[in-house]
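Enquirer: Dropping the structure in here first, questions after.
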Amino acid sequence: MLFENKVALVTAAGAGIGRAIAVRLAAEGARVVVSDVDDASGEQTVALIVEAGGTAVYQRTDVADDAQVRELVQRAVNEYGALDLAVNNAGLGAAPKPLQDITDAEWQRTISVTLTGTFQSMRAQLAQMTAQGTGAIVNIASIAGLQSTSQLTPYGASKHGVVSLTMSAAAENAASGIRINAVAPGPIETAALASLPEESKRRYADEVPMKRLGRSEDIAEATAFLLSDAAGFITGVTLPVDGGSLVR
């Protein structure tokens, strides 16, 4: 088991990519602290893990609130004695529109959760990991953070920021035994895409060189690898998991 006796936390783990990651880490032996702002969904993720024989607890956390972020890390330490692995998955976007039509509220909402939330989460996680002298973090970025994002400026800017945070923090903490990487999903069939008509989904899939949409489990596998000892000499990278979308 990759993560036997390890303690992990995953933000926005109530559904989709976050849930798949939490379930994957638990299946490999990690004791997982699941966080979300939707209590029912978060508790359901915990139930899935426990039913499969794993160990998990739920902690409601709005990553835009620094006090709640610090409480989340403390919950992991209080519950299981350490924090070895962290996945910062929380993020959101806004409706597509030209930059000149984006309101301050739309900009701030996206930045506060996706970028500031990742920053605050990393800050609290790194404080604990530095004290321990070990740890691994994976931030969930996006291929939107590696290319232009027409009509999605706030989301693209926030994900570019997550990529930059990942590289800078990796450089700062490499000598301390802490690795920090990112995964950049491409088109993934989460709830938003799954709800589209089949014709629309086929159109999205046809734009991917591998001719399919990604699955949440694809992101979970990449995340587990980067957190594991198999990636022990890897830090500061952003790994696209996109079916070749960036090179089409």
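We label chains A, B, ... in the order they appear in the structure tokens, count residues from 1 in each chain, and number ligands from 1 in the order shown.
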What are the closest atom pairs, with distances in Å to one decimal, for each residue of region 9-83 of chain A lying within 12 Å of region 176-187 of chain A, using only C-alpha atoms, rows by chain and rising residue number, as CSV?
Expert:
residue,atom,partner,partner_atom,distance
A:Ile17,CA,A:Pro185,CA,9.5
A:Ile21,CA,A:Val183,CA,11.7
A:Leu83,CA,A:Ile178,CA,11.6
Enquirer: As a PDB file with N, CA and C atoms, in the first residue's frame, please: the residues near region 37-51 of chain A (cut-off 12 Å, only C-alpha atoms, same-chain neighbours under 5 positions excluded).
Expert:
ATOM      1  N   LEU A   9      -4.934  15.003   3.690  1.00  0.00           N
ATOM      2  CA  LEU A   9      -6.153  15.811   3.619  1.00  0.00           C
ATOM      3  C   LEU A   9      -6.394  16.192   2.170  1.00  0.00           C
ATOM      4  N   VAL A  10      -7.670  16.283   1.820  1.00  0.00           N
ATOM      5  CA  VAL A  10      -8.075  16.634   0.457  1.00  0.00           C
ATOM      6  C   VAL A  10      -9.172  17.678   0.546  1.00  0.00           C
ATOM      7  N   THR A  11      -8.964  18.836  -0.078  1.00  0.00           N
ATOM      8  CA  THR A  11     -10.006  19.858  -0.083  1.00  0.00           C
ATOM      9  C   THR A  11     -10.967  19.630  -1.250  1.00  0.00           C
ATOM     10  N   ALA A  12     -12.183  20.136  -1.082  1.00  0.00           N
ATOM     11  CA  ALA A  12     -13.240  19.972  -2.089  1.00  0.00           C
ATOM     12  C   ALA A  12     -13.358  18.514  -2.504  1.00  0.00           C
ATOM     13  N   ALA A  13     -13.463  17.642  -1.494  1.00  0.00           N
ATOM     14  CA  ALA A  13     -13.473  16.198  -1.733  1.00  0.00           C
ATOM     15  C   ALA A  13     -14.870  15.600  -1.688  1.00  0.00           C
ATOM     16  N   GLY A  14     -15.885  16.450  -1.785  1.00  0.00           N
ATOM     17  CA  GLY A  14     -17.244  15.959  -1.706  1.00  0.00           C
ATOM     18  C   GLY A  14     -17.765  15.324  -2.977  1.00  0.00           C
ATOM     19  N   ALA A  15     -17.094  15.556  -4.099  1.00  0.00           N
ATOM     20  CA  ALA A  15     -17.574  15.018  -5.374  1.00  0.00           C
ATOM     21  C   ALA A  15     -16.451  15.086  -6.393  1.00  0.00           C
ATOM     22  N   GLY A  16     -16.690  14.482  -7.554  1.00  0.00           N
ATOM     23  CA  GLY A  16     -15.803  14.645  -8.699  1.00  0.00           C
ATOM     24  C   GLY A  16     -14.358  14.277  -8.437  1.00  0.00           C
ATOM     25  N   ILE A  17     -13.465  15.147  -8.883  1.00  0.00           N
ATOM     26  CA  ILE A  17     -12.031  14.892  -8.768  1.00  0.00           C
ATOM     27  C   ILE A  17     -11.602  14.741  -7.321  1.00  0.00           C
ATOM     28  N   GLY A  18     -12.069  15.620  -6.458  1.00  0.00           N
ATOM     29  CA  GLY A  18     -11.678  15.554  -5.049  1.00  0.00           C
ATOM     30  C   GLY A  18     -12.081  14.254  -4.394  1.00  0.00           C
ATOM     31  N   ARG A  19     -13.308  13.802  -4.666  1.00  0.00           N
ATOM     32  CA  ARG A  19     -13.756  12.523  -4.099  1.00  0.00           C
ATOM     33  C   ARG A  19     -12.913  11.374  -4.631  1.00  0.00           C
ATOM     34  N   ALA A  20     -12.658  11.359  -5.926  1.00  0.00           N
ATOM     35  CA  ALA A  20     -11.856  10.276  -6.503  1.00  0.00           C
ATOM     36  C   ALA A  20     -10.470  10.222  -5.877  1.00  0.00           C
ATOM     37  N   ILE A  21      -9.876  11.390  -5.626  1.00  0.00           N
ATOM     38  CA  ILE A  21      -8.556  11.431  -4.995  1.00  0.00           C
ATOM     39  C   ILE A  21      -8.623  10.895  -3.568  1.00  0.00           C
ATOM     40  N   ALA A  22      -9.601  11.356  -2.791  1.00  0.00           N
ATOM     41  CA  ALA A  22      -9.718  10.909  -1.402  1.00  0.00           C
ATOM     42  C   ALA A  22      -9.914   9.396  -1.329  1.00  0.00           C
ATOM     43  N   VAL A  23     -10.765   8.878  -2.189  1.00  0.00           N
ATOM     44  CA  VAL A  23     -11.017   7.430  -2.212  1.00  0.00           C
ATOM     45  C   VAL A  23      -9.752   6.672  -2.610  1.00  0.00           C
ATOM     46  N   ARG A  24      -9.017   7.196  -3.573  1.00  0.00           N
ATOM     47  CA  ARG A  24      -7.781   6.535  -4.037  1.00  0.00           C
ATOM     48  C   ARG A  24      -6.727   6.509  -2.943  1.00  0.00           C
ATOM     49  N   LEU A  25      -6.548   7.612  -2.242  1.00  0.00           N
ATOM     50  CA  LEU A  25      -5.539   7.662  -1.180  1.00  0.00           C
ATOM     51  C   LEU A  25      -5.914   6.712  -0.048  1.00  0.00           C
ATOM     52  N   ALA A  26      -7.195   6.687   0.295  1.00  0.00           N
ATOM     53  CA  ALA A  26      -7.643   5.779   1.352  1.00  0.00           C
ATOM     54  C   ALA A  26      -7.449   4.324   0.956  1.00  0.00           C
ATOM     55  N   ALA A  27      -7.682   4.019  -0.314  1.00  0.00           N
ATOM     56  CA  ALA A  27      -7.502   2.648  -0.781  1.00  0.00           C
ATOM     57  C   ALA A  27      -6.058   2.200  -0.682  1.00  0.00           C
ATOM     58  N   GLU A  28      -5.154   3.169  -0.686  1.00  0.00           N
ATOM     59  CA  GLU A  28      -3.722   2.861  -0.545  1.00  0.00           C
ATOM     60  C   GLU A  28      -3.246   2.991   0.898  1.00  0.00           C
ATOM     61  N   GLY A  29      -4.189   3.068   1.841  1.00  0.00           N
ATOM     62  CA  GLY A  29      -3.831   2.996   3.246  1.00  0.00           C
ATOM     63  C   GLY A  29      -3.791   4.310   3.993  1.00  0.00           C
ATOM     64  N   ALA A  30      -3.975   5.438   3.316  1.00  0.00           N
ATOM     65  CA  ALA A  30      -3.935   6.734   4.007  1.00  0.00           C
ATOM     66  C   ALA A  30      -5.166   6.911   4.882  1.00  0.00           C
ATOM     67  N   ARG A  31      -4.969   7.579   6.005  1.00  0.00           N
ATOM     68  CA  ARG A  31      -6.086   8.060   6.815  1.00  0.00           C
ATOM     69  C   ARG A  31      -6.393   9.465   6.308  1.00  0.00           C
ATOM     70  N   VAL A  32      -7.610   9.681   5.848  1.00  0.00           N
ATOM     71  CA  VAL A  32      -7.925  10.867   5.065  1.00  0.00           C
ATOM     72  C   VAL A  32      -8.856  11.812   5.815  1.00  0.00           C
ATOM     73  N   ALA A  56     -11.430   7.610   7.478  1.00  0.00           N
ATOM     74  CA  ALA A  56     -11.597   9.001   7.073  1.00  0.00           C
ATOM     75  C   ALA A  56     -12.509   9.735   8.046  1.00  0.00           C
ATOM     76  N   VAL A  57     -12.335  11.046   8.109  1.00  0.00           N
ATOM     77  CA  VAL A  57     -13.234  11.931   8.851  1.00  0.00           C
ATOM     78  C   VAL A  57     -13.531  13.133   7.971  1.00  0.00           C
ATOM     79  N   TYR A  58     -14.602  13.831   8.304  1.00  0.00           N
ATOM     80  CA  TYR A  58     -14.998  15.011   7.532  1.00  0.00           C
ATOM     81  C   TYR A  58     -14.814  16.276   8.352  1.00  0.00           C
ATOM     82  N   GLN A  59     -14.331  17.341   7.698  1.00  0.00           N
ATOM     83  CA  GLN A  59     -14.204  18.653   8.320  1.00  0.00           C
ATOM     84  C   GLN A  59     -14.687  19.703   7.320  1.00  0.00           C
ATOM     85  N   ARG A  60     -15.735  20.415   7.665  1.00  0.00           N
ATOM     86  CA  ARG A  60     -16.221  21.484   6.788  1.00  0.00           C
ATOM     87  C   ARG A  60     -15.171  22.586   6.710  1.00  0.00           C
ATOM     88  N   THR A  61     -14.798  22.985   5.483  1.00  0.00           N
ATOM     89  CA  THR A  61     -13.762  24.003   5.308  1.00  0.00           C
ATOM     90  C   THR A  61     -14.024  24.828   4.069  1.00  0.00           C
ATOM     91  N   ASP A  62     -14.118  26.135   4.270  1.00  0.00           N
ATOM     92  CA  ASP A  62     -14.112  27.109   3.175  1.00  0.00           C
ATOM     93  C   ASP A  62     -12.672  27.597   3.051  1.00  0.00           C
ATOM     94  N   VAL A  63     -11.988  27.216   1.990  1.00  0.00           N
ATOM     95  CA  VAL A  63     -10.562  27.530   1.883  1.00  0.00           C
ATOM     96  C   VAL A  63     -10.290  29.022   1.727  1.00  0.00           C
ATOM     97  N   ALA A  64     -11.321  29.805   1.432  1.00  0.00           N
ATOM     98  CA  ALA A  64     -11.150  31.257   1.369  1.00  0.00           C
ATOM     99  C   ALA A  64     -11.065  31.874   2.760  1.00  0.00           C
ATOM    100  N   ASP A  65     -11.347  31.095   3.791  1.00  0.00           N
ATOM    101  CA  ASP A  65     -11.316  31.545   5.183  1.00  0.00           C
ATOM    102  C   ASP A  65     -10.075  30.958   5.855  1.00  0.00           C
ATOM    103  N   GLN A  68     -10.481  28.749   9.000  1.00  0.00           N
ATOM    104  CA  GLN A  68     -10.983  27.408   8.737  1.00  0.00           C
ATOM    105  C   GLN A  68      -9.902  26.510   8.142  1.00  0.00           C
ATOM    106  N   VAL A  69      -9.039  27.082   7.316  1.00  0.00           N
ATOM    107  CA  VAL A  69      -7.940  26.312   6.734  1.00  0.00           C
ATOM    108  C   VAL A  69      -6.996  25.827   7.832  1.00  0.00           C
ATOM    109  N   ALA A  90      -9.704  22.565  -4.138  1.00  0.00           N
ATOM    110  CA  ALA A  90     -10.798  23.539  -4.160  1.00  0.00           C
ATOM    111  C   ALA A  90     -10.546  24.629  -5.195  1.00  0.00           C
ATOM    112  N   GLY A  91     -11.573  24.918  -5.965  1.00  0.00           N
ATOM    113  CA  GLY A  91     -11.467  25.970  -6.972  1.00  0.00           C
ATOM    114  C   GLY A  91     -12.792  26.155  -7.673  1.00  0.00           C
ATOM    115  N   VAL A 113     -11.126  31.825  -3.819  1.00  0.00           N
ATOM    116  CA  VAL A 113     -11.180  30.381  -3.576  1.00  0.00           C
ATOM    117  C   VAL A 113     -10.030  29.667  -4.268  1.00  0.00           C
TER     118      VAL A 113
END
Enquirer: Let me make sure I understand: among A:Arg75, A:His160, A:Lys211, A:Lys97, which one has the smallest atom-to-atom distance to Leu115 (chain A) if we use only C-alpha atoms?
Expert: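 Comparing A:Arg75, A:His160, A:Lys211, A:Lys97 against Leu115 (chain A), the winner is A:His160.
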Enquirer: Hey, which bits of region 146-167 of chain A sit within 12 Å of region 219-242 of chain A, and for each residue what's the closest pair of atoms and how far apart in Å (one decimal), counting only C-alpha atoms, rows by chain and increasing number, as a tab-separated table?
Expert:
residue	atom	partner	partner_atom	distance
A:Leu146	CA	A:Pro240	CA	8.9
A:Gln147	CA	A:Pro240	CA	11.5
A:Lys159	CA	A:Thr238	CA	11.2
A:His160	CA	A:Thr238	CA	10.7
A:Val162	CA	A:Thr238	CA	9.8
A:Val163	CA	A:Thr238	CA	6.8
A:Ser164	CA	A:Gly236	CA	9.3
A:Leu165	CA	A:Gly236	CA	9.3
A:Thr166	CA	A:Gly236	CA	6.0
A:Met167	CA	A:Gly236	CA	4.5
Enquirer: May I have the residues from that selection written out with N, CA, C and O atoms, as a PDB file, in the first residue's frame?
Expert:
ATOM      1  N   LEU A 146      -1.862  26.764 -18.149  1.00  0.00           N
ATOM      2  CA  LEU A 146      -0.698  26.544 -19.006  1.00  0.00           C
ATOM      3  C   LEU A 146      -0.912  27.083 -20.418  1.00  0.00           C
ATOM      4  O   LEU A 146      -0.079  26.875 -21.295  1.00  0.00           O
ATOM      5  N   GLN A 147      -2.034  27.772 -20.627  1.00  0.00           N
ATOM      6  CA  GLN A 147      -2.346  28.308 -21.946  1.00  0.00           C
ATOM      7  C   GLN A 147      -3.289  29.500 -21.786  1.00  0.00           C
ATOM      8  O   GLN A 147      -3.682  29.842 -20.671  1.00  0.00           O
ATOM      9  N   LYS A 159      -5.568  29.827 -12.079  1.00  0.00           N
ATOM     10  CA  LYS A 159      -4.843  28.574 -12.268  1.00  0.00           C
ATOM     11  C   LYS A 159      -3.389  28.829 -12.680  1.00  0.00           C
ATOM     12  O   LYS A 159      -2.506  28.047 -12.303  1.00  0.00           O
ATOM     13  N   HIS A 160      -3.115  29.890 -13.449  1.00  0.00           N
ATOM     14  CA  HIS A 160      -1.724  30.280 -13.678  1.00  0.00           C
ATOM     15  C   HIS A 160      -1.048  30.574 -12.339  1.00  0.00           C
ATOM     16  O   HIS A 160       0.119  30.220 -12.120  1.00  0.00           O
ATOM     17  N   VAL A 162      -1.802  29.257  -9.437  1.00  0.00           N
ATOM     18  CA  VAL A 162      -1.568  27.988  -8.737  1.00  0.00           C
ATOM     19  C   VAL A 162      -0.297  27.319  -9.254  1.00  0.00           C
ATOM     20  O   VAL A 162       0.501  26.781  -8.467  1.00  0.00           O
ATOM     21  N   VAL A 163      -0.083  27.371 -10.563  1.00  0.00           N
ATOM     22  CA  VAL A 163       1.146  26.805 -11.136  1.00  0.00           C
ATOM     23  C   VAL A 163       2.370  27.538 -10.583  1.00  0.00           C
ATOM     24  O   VAL A 163       3.368  26.915 -10.196  1.00  0.00           O
ATOM     25  N   SER A 164       2.289  28.856 -10.519  1.00  0.00           N
ATOM     26  CA  SER A 164       3.414  29.646  -9.997  1.00  0.00           C
ATOM     27  C   SER A 164       3.653  29.361  -8.516  1.00  0.00           C
ATOM     28  O   SER A 164       4.801  29.205  -8.083  1.00  0.00           O
ATOM     29  N   LEU A 165       2.577  29.297  -7.734  1.00  0.00           N
ATOM     30  CA  LEU A 165       2.716  28.948  -6.315  1.00  0.00           C
ATOM     31  C   LEU A 165       3.418  27.604  -6.147  1.00  0.00           C
ATOM     32  O   LEU A 165       4.279  27.443  -5.275  1.00  0.00           O
ATOM     33  N   THR A 166       3.037  26.659  -6.972  1.00  0.00           N
ATOM     34  CA  THR A 166       3.621  25.315  -6.898  1.00  0.00           C
ATOM     35  C   THR A 166       5.124  25.356  -7.124  1.00  0.00           C
ATOM     36  O   THR A 166       5.900  24.774  -6.355  1.00  0.00           O
ATOM     37  N   MET A 167       5.553  26.038  -8.178  1.00  0.00           N
ATOM     38  CA  MET A 167       6.982  26.089  -8.494  1.00  0.00           C
ATOM     39  C   MET A 167       7.769  26.833  -7.417  1.00  0.00           C
ATOM     40  O   MET A 167       8.841  26.378  -6.978  1.00  0.00           O
TER      41      MET A 167
END
Enquirer: Apply DSSP to the backbone of this structure and, from region 77-132 of chain A, keep only the residues in alpha helix (DSSP H); write these as a list in words.
Expert: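 Reading the DSSP output for region 77-132 of chain A, alpha helix (DSSP H) covers Val77, Asn78, Glu79, Tyr80, Asp104, Ala105, Glu106, Trp107, Gln108, Arg109, Thr110, Gly117, Thr118, Phe119, Gln120, Ser121, Met122, Arg123, Ala124, Gln125, Leu126, Ala127, Gln128, Met129, Thr130, Ala131 and Gln132 of chain A.
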Enquirer: Calculate how many Å separate CA of Gly135 (chain A) from CA of Asp36 (chain A), rounding to one decimal.
Expert: 21.9 Å
Enquirer: Quote the spacing between CA of Tyr204 (chain A) and CA of Thr103 (chain A) in Å to one decimal place.
Expert: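 CA of Thr103 (chain A) lies at a distance of 28.2 Å from CA of Tyr204 (chain A).
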Enquirer: Of the residues A:Leu72, A:Val87, A:Ile143, A:Leu152, which is the one nearest to Glu106 (chain A), using only C-alpha atoms?
Expert: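 Of A:Leu72, A:Val87, A:Ile143, A:Leu152, the one nearest Glu106 (chain A), counting only C-alpha atoms, is A:Leu152.
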Enquirer: Using Å and a single decimal, report how far CA of Tyr155 (chain A) sits from CA of Ile111 (chain A).
Expert: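 The value is 7.7 Å.
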